[in-house]
Amino acid sequence: MMCGITGWVDFTRDLTLERKTLAAMTETLRPRGPDAAGLWLASHVGLGHRRLAVVDVEGGVQPMLARRGGPETATVLTYSGELYNFRELRTLLSTLGHRFSTSSDTEVVLSAYLEWGAGFVDRLRGIYALAIWDATREELVLVRDRLGVKPLYYYAYDGGILFASEPKAILANPLFTPRMSVDKLPILFNPRLTMPWETPFTDLRQLQPGHLARVDRSGTHETPYWRLVSREHHDDYATTVSAVREILDDVVVHQLVADVPLCTLLSGGLDSSAVTALAALRSYRDLQSYSVDFAGADADFTATALRPDRDTPFALAAARHIGVGHTPIVVDPSALSEVTPTTLAARDLPSLGQFDASMYLLFEQIRARSTVALSGEGADEVFGGYPWFFDRSTVWGDTFPWLGSAPRLTDCLAPDVLASVRPHDDERDRYRTLLARVPRLAGESGLAARMREVLYLSLQGPLLYLLDRKDRMSMALGLEVRVPFCDHVLLEYVWNVPWQMKVADGREKSLLRAAVSDLLPPEVLWRAKSAYPATFSSDHAKVVRADLAAVLNDGASPLRELLDVDKVKDAADGQREMMTMANNLQFVLPVVEVDRWLRTYDVSITS
């Protein structure tokens with residue numbers, strides 16, 4: 001069940017007196033869980049839950065309490081996510097003596113903890129963020145799924161911790177004050193640089209993907225329970241293709257489990273088309289698919305390196321071939337700026353402008369028809385699909401490949417801020433930090449070794465950035481989006497396939513293409529990578545320019561003294577093409593959105 005979780009542990013106060021605050025924290029997450037709410041309090045702990053019912057709609061009420069003893073021996077779970085192997089685990093746990101009163105995966109998670117303790121995480125296959133209070137040990141356990149599909153934030157302080165699915169629940173507690181250091185400007189201006197544990201808010205952390213945190217009287221201790229491991233790959237090409245198809249088919253079958261309407265997001269690209277085709281093969285219901293387009297795109301679409309063509313014709317062709325119903329959701333560009341305050345509230349961080357707004361409007365239409373959607377997110381990072389994977393200068397550049405030699409918005413900072421923040425040093429430090437984490441293969445060298453680095457880097461900031469956007473925009477509407485390509489069993493296998501085998505036909509994602517070649521029409525199978533759509537509407541561009549001018553001309557803007565206004569204006573008017581940007585306005589848009597975020601959340605900036 002995709003939900004919202006929150007909680008508070010404090011060993012210095014009686015939290016049974018803080019029901020009002022905990023209720024307020026929980027209420028902020030209502031959009032994530034519109035179906036039900038729950039609170040559980042004891043002397044030093046309070047857990048909150050908002051529920052979106054997907055499996056066992058009648059059961060699975062949370063927080064869920066193990067049926068044994070009183071508060072002093074309670075084990076209580078608040079959980080957001082989907083456990084795709086819960087049926088297998090339920091069968092195993094039943095043989096070990098556990099009895100179940102619901103058919104929900106929540107009860108399976110709780111029983112797994114009771115059986116195996118913190119080691120239960122090794123048995124979970126799915127997407128999840130969860131918290132378990134173990135009263136016997138006086139310990140809170142926080143867990144986040146291996147790839148970070150579901151978010152989990154925490155603020156640890158002397159004597160306790162606040163945690164939540166989204167920052168808004170933590171912000172609802174008076175213990176937390178929204179502040180940021182000027183040193184965080186690089187990740188505000190380019191969220192792809194954000195480290196897996198980092199947020200712009202001072203003292204607010206993300207639990208890292210594949211990590212577990214224990215909270216007791218001695219403090220908060222975060223440790224990894226899963227990491228990618230590099231091993232020799234011994235399968236030949238034909239066996240590898242067959243294995244990928246088998247794993248993918250198994251993943252999709254597991255992710256079709258739902259007691260509510262389910263659909264797919266179908267852009268007409270290789271990734272989403274593969275998911276839709278596999279789902280159609282296994283689904284016992286009439287499957288529906290959806291894509292997004294913009295009114296007026298016939299006239300104003302502009303091809304770019306990352307968006308060489310429009311999705312709609314390919315999505316329709318894929319749907320016809322697969323045999324599913326398809327609806328293109330057409331967004332009016334004039335509506336994008338109107339919904340930006342909503343996307344900001346969903347994110348609690350600067351909006352991504354038209355990309356957040358159009359995704360929100362897409363999901364709003366889908367949510368009227370469905371509760372669960374399958375998406376192709378993650379295939380480019382797992383199989384190697386982005387154009388910069390095939391550009392020698394970016395591959396071998398000594399920085400993040402998706403940045404290459406493109407201009408940085410931080411170059412538009414005021415001279416004194418540039419000298420203080422040193423964004424180029426900051427970027428290099430981030431790059432080196434992640435590079436040191438790459439799980440290397442002994443004896444590997446040359447292009448094979450470098451592409452292992454490039455793929456690993458892509459699984460960090462860029463993938464987390466995309467997953468975070470998908471989660472926030474979907475869960476703001478109570479829509480659950482599942483991502484089969486982020487299954488850790490699939491990733492563990494494909495990670496160790498040599499790069500030359502991944503690009504065996506000389507194109508991006510060769511391995512995936514070969515694995516699903518029998519399912520898709522040629523025009524979709526061989527379509528070049530095209531990123532999530534952008535609008536090129538001149539009317540929308542005028543709105544963005546006006547918003548930018550308003551910020552730059554406003555002496556009260558919290559960014560006013562931090563920017564070199566002339567440089568920002570030059571960047572907005574320039575013509576330099578950037579691989580990851582639709583246009584120059586996308587490049588400077590963070591100035592507008594960061595300004596809006598700082599004002600809306602009343603964030604104070606410290607040096």
# chains A, B, ... in the order shown; residues from 1 in each chain; ligands from 1
$ residues_around --residues "stretch 301-310 of chain A" --least-positions-apart "3" --cutoff "10 Å" --atoms "only C-alpha atoms" --output "JSON, numbers by chain"
{"A": [267, 268, 292, 293, 294, 296, 297, 298, 313, 314, 315, 386, 387, 388, 527, 528, 529, 530, 531, 532, 533, 534, 535, 536, 537, 577, 578, 579, 580, 581, 582, 583]}
$ residues_around --residues "stretch 82-90 of chain A" --least-positions-apart "6" --cutoff "8 Å" --atoms "only C-alpha atoms" --output "number ranges by chain"
A: 1-2, 105, 108-109, 112, 124-128, 254-255, 257
$ write_last_selection --atoms "N, CA and C atoms" --output "compact mmCIF listing (two decimals), in the first residue's frame"
# COMPACT_ATOMS: atom_id res chain seq x y z
N MET A 1 0.84 -1.18 0.00
CA MET A 1 0.00 0.00 0.00
C MET A 1 0.88 1.24 0.00
N MET A 2 0.62 2.12 -0.96
CA MET A 2 1.37 3.37 -1.04
C MET A 2 0.73 4.38 -0.11
N ASP A 105 0.04 -7.05 2.77
CA ASP A 105 1.49 -7.20 2.87
C ASP A 105 2.02 -6.55 4.14
N VAL A 108 2.52 -9.09 6.76
CA VAL A 108 3.67 -9.93 6.42
C VAL A 108 4.96 -9.24 6.84
N VAL A 109 5.07 -7.94 6.57
CA VAL A 109 6.26 -7.18 6.97
C VAL A 109 6.45 -7.25 8.48
N ALA A 112 7.50 -10.69 9.56
CA ALA A 112 8.89 -10.95 9.16
C ALA A 112 9.86 -10.35 10.16
N LEU A 124 13.04 -8.84 1.80
CA LEU A 124 12.02 -8.01 1.18
C LEU A 124 12.35 -7.74 -0.29
N ARG A 125 11.35 -7.86 -1.14
CA ARG A 125 11.49 -7.50 -2.55
C ARG A 125 10.34 -6.55 -2.89
N GLY A 126 10.67 -5.30 -3.09
CA GLY A 126 9.63 -4.34 -3.36
C GLY A 126 10.12 -2.92 -3.21
N ILE A 127 9.18 -2.02 -3.02
CA ILE A 127 9.48 -0.60 -2.81
C ILE A 127 8.82 -0.20 -1.50
N TYR A 128 9.58 0.42 -0.59
CA TYR A 128 9.03 0.63 0.75
C TYR A 128 9.85 1.65 1.53
N HIS A 254 4.74 -9.94 -10.70
CA HIS A 254 4.61 -9.60 -9.29
C HIS A 254 4.01 -8.20 -9.10
N GLN A 255 4.35 -7.28 -10.01
CA GLN A 255 3.90 -5.91 -9.83
C GLN A 255 2.51 -5.64 -10.38
N VAL A 257 0.02 -7.24 -9.10
CA VAL A 257 -0.87 -7.57 -7.98
C VAL A 257 -1.49 -6.30 -7.41
$ select_by_dssp --residues "stretch 430-480 of chain A" --states "helix (DSSP H, G or I)" --output "PyMOL selection string"
chain A and resi 430-435+446-458+461-475
$ closest_residue --among "A:Thr600, A:Asn173, A:Ser272, A:Ser43" --to "A:Ala319" --atoms "only C-alpha atoms"
A:Ser272
$ select_by_dssp --residues "stretch 246-476 of chain A" --states "strand (DSSP E)" --output "list of chain:residue names"
A:Leu262, A:Cys263, A:Thr264, A:Leu265, A:Gln288, A:Ser289, A:Tyr290, A:Ser291, A:Val292, A:Asp293, A:Phe294, A:Gly325, A:His326, A:Thr327, A:Pro328, A:Ile329, A:Val330, A:Val331, A:Val372, A:Ala373, A:Leu374
